[in-house]
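Undergrad: Here's a structure for you.
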Amino acid sequence: EALAPFPSGKQKKEAQVALRNAARTFGPSSPTTSFVLEMTFKADGKTIAGAIAESVKPRQGGSGSDVKDLENLIVQGVAAKGGQATKGTIFRFDCTEEGVSVSVDGSAQGTVKSDGIGSALVDVFMDDKAVSPQLVDSCLDTWCGKDLFVAV
């Protein structure tokens, strides 16, 4: 709905900015943006949590303790699985204006309540330095159609 104004042939960059803005602007019609990550390899909780924290930190204007709290929730969730996130482990991050809720394999770990951390995590996946440009492209294909990338 937020990307409807982009007709076929518009620049990809404009659509990516609109997608990011829509995903990080929480309101009554869209209060939450969720990311579900499925592990394709085995890794320990500290490694996963550290990588996510290092991606959030420069994008978040709040206290460093908020990012540390996010990191701790991820480590706690993986610790409950024996300390290793194996192939198929599912991480879910529900981002809102109030913060980020974390679950690991369907088990809620808690919420980091902090203004700006929800938008910062959205930016990890949606901004111009997104950790997965393929995710951004997939979202653009889904909501704008593949015609968006055709040169006119």
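FYI, nothing fancy with the structure tokens labels: chains A, B, ... in order, residues from 1 per chain, ligands from 1 as they appear.
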Give me the residues of segment 99-122 of chain A that have any atom at most 9 Å from an atom of segment 71-86 of chain A; for each, the nearest atom pair and the distance in Å, rounded to one decimal. Use only C-alpha atoms, sort by chain and number, and format it as JSON lines.

TA:
{"residue": "A:Ser101", "atom": "CA", "partner": "A:Leu73", "partner_atom": "CA", "distance": 8.9}
{"residue": "A:Val102", "atom": "CA", "partner": "A:Leu73", "partner_atom": "CA", "distance": 6.7}
{"residue": "A:Ser103", "atom": "CA", "partner": "A:Gly77", "partner_atom": "CA", "distance": 7.0}
{"residue": "A:Val104", "atom": "CA", "partner": "A:Gly77", "partner_atom": "CA", "distance": 5.4}
{"residue": "A:Asp105", "atom": "CA", "partner": "A:Gly77", "partner_atom": "CA", "distance": 8.4}
{"residue": "A:Ser107", "atom": "CA", "partner": "A:Gly77", "partner_atom": "CA", "distance": 7.6}
{"residue": "A:Ala108", "atom": "CA", "partner": "A:Gly77", "partner_atom": "CA", "distance": 8.1}
{"residue": "A:Gln109", "atom": "CA", "partner": "A:Leu73", "partner_atom": "CA", "distance": 5.7}
{"residue": "A:Gly110", "atom": "CA", "partner": "A:Leu73", "partner_atom": "CA", "distance": 6.6}
{"residue": "A:Thr111", "atom": "CA", "partner": "A:Leu73", "partner_atom": "CA", "distance": 8.0}
{"residue": "A:Val112", "atom": "CA", "partner": "A:Leu73", "partner_atom": "CA", "distance": 8.4}

Undergrad: Measuring between only C-alpha atoms, which one of A:Lys12, A:Arg59, A:Lys68, A:Lys87 shows the shortest distance to Ala120 of chain A?

TA: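 Closest to Ala120 of chain A of all the choices is A:Arg59.
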
Undergrad: Residues of chain A in strand (DSSP E) according to DSSP, as a list of chain:residue names?

TA: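 Those in chain A that DSSP calls strand (DSSP E) are A:Thr33, A:Ser34, A:Phe35, A:Val36, A:Leu37, A:Glu38, A:Ala43, A:Asp44, A:Gln84, A:Ala85, A:Ile90, A:Phe91, A:Arg92, A:Phe93, A:Asp94, A:Cys95, A:Gly99, A:Val100, A:Ser101, A:Val102, A:Ser103, A:Val104, A:Ser107, A:Ala108, A:Gln109, A:Gly110, A:Thr111, A:Val112, A:Lys113.
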
Undergrad: What separation in Å, quoted to one decimal, exists between atom CA of Arg24 of chain A and atom CA of Ser119 of chain A?

TA: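 Pair atom CA of Arg24 of chain A / atom CA of Ser119 of chain A returns 5.0 Å.
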
Undergrad: One decimal, Å: what's the distance from atom CA of Ile90 of chain A over to atom CA of Phe26 of chain A, could you say?

TA: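 Separation of atom CA of Ile90 of chain A and atom CA of Phe26 of chain A: 23.9 Å.
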
Undergrad: Pick the closest to Ile48 of chain A from A:Ala22, A:Phe91, A:Gln16, A:Gly61: which is it, counting only C-alpha atoms?

TA: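 Residue with the minimum atom-to-atom distance to Ile48 of chain A: A:Phe91.
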
Undergrad: Please identify all polymer residues within 10 Å of Val17 of chain A, counting only C-alpha atoms, omitting same-chain residues fewer than 6 positions from it, and present them as JSON, numbers by chain.

TA: {"A": [3, 23, 126, 127, 128]}

Undergrad: Provide the atom CA of Asp69 of chain A to atom CA of Leu37 of chain A distance in Å, to one decimal place.

TA: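 Straight-line distance from atom CA of Asp69 of chain A to atom CA of Leu37 of chain A works out to 19.1 Å.
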
Undergrad: Looking only at the backbone, which of the residues in segment 85-125 of chain A does DSSP tag as helix (DSSP H, G or I), as a ChimeraX atom specification?

TA: /A:117-125

Undergrad: Those residues with C-alpha atoms, as a CSV table (one decimal), in the first residue's frame please?

TA:
chain,number,residue,atom,x,y,z
A,117,ILE,CA,15.7,0.7,18.6
A,118,GLY,CA,12.7,-0.7,16.5
A,119,SER,CA,13.5,1.6,13.6
A,120,ALA,CA,17.2,0.9,14.0
A,121,LEU,CA,16.6,-2.9,13.6
A,122,VAL,CA,14.4,-2.2,10.6
A,123,ASP,CA,17.2,-0.2,9.0
A,124,VAL,CA,19.6,-3.1,9.5
A,125,PHE,CA,17.5,-5.0,6.9

Undergrad: Please provide the set of residues having any atom within 8 Å of Thr32 of chain A, restricted to only C-alpha atoms, with same-chain residues fewer than 4 positions apart removed, written as a ChimeraX atom specification.

TA: /A:26,94-97

Undergrad: Using the selection just defined, write its residues with N, CA, C and O atoms as a short mmCIF file (atom, residue, chain, number, x, y, z; two decimals), in the first residue's frame.

TA:
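New file out.cif:
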data_model
loop_
_atom_site.label_atom_id
_atom_site.label_comp_id
_atom_site.auth_asym_id
_atom_site.auth_seq_id
_atom_site.Cartn_x
_atom_site.Cartn_y
_atom_site.Cartn_z
N PHE A 26 5.97 3.51 12.36
CA PHE A 26 4.96 2.73 13.05
C PHE A 26 3.76 3.61 13.35
O PHE A 26 3.90 4.72 13.83
N ASP A 94 10.11 -8.47 16.43
CA ASP A 94 8.94 -7.63 16.21
C ASP A 94 9.32 -6.20 16.61
O ASP A 94 9.51 -5.92 17.79
N CYS A 95 9.43 -5.35 15.60
CA CYS A 95 9.87 -3.97 15.81
C CYS A 95 8.66 -3.05 15.90
O CYS A 95 7.77 -3.11 15.04
N THR A 96 8.63 -2.21 16.93
CA THR A 96 7.56 -1.23 17.11
C THR A 96 8.18 0.10 17.51
O THR A 96 9.39 0.20 17.74
N GLU A 97 7.32 1.09 17.64
CA GLU A 97 7.78 2.39 18.09
C GLU A 97 8.35 2.31 19.51
O GLU A 97 9.27 3.05 19.87
#

Undergrad: Hey, which of A:Ala18, A:Val36, A:Leu140, A:Ala49 ends up closest to Arg92 of chain A? Count only C-alpha atoms.

TA: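 Among the listed residues, A:Val36 lies closest to Arg92 of chain A.
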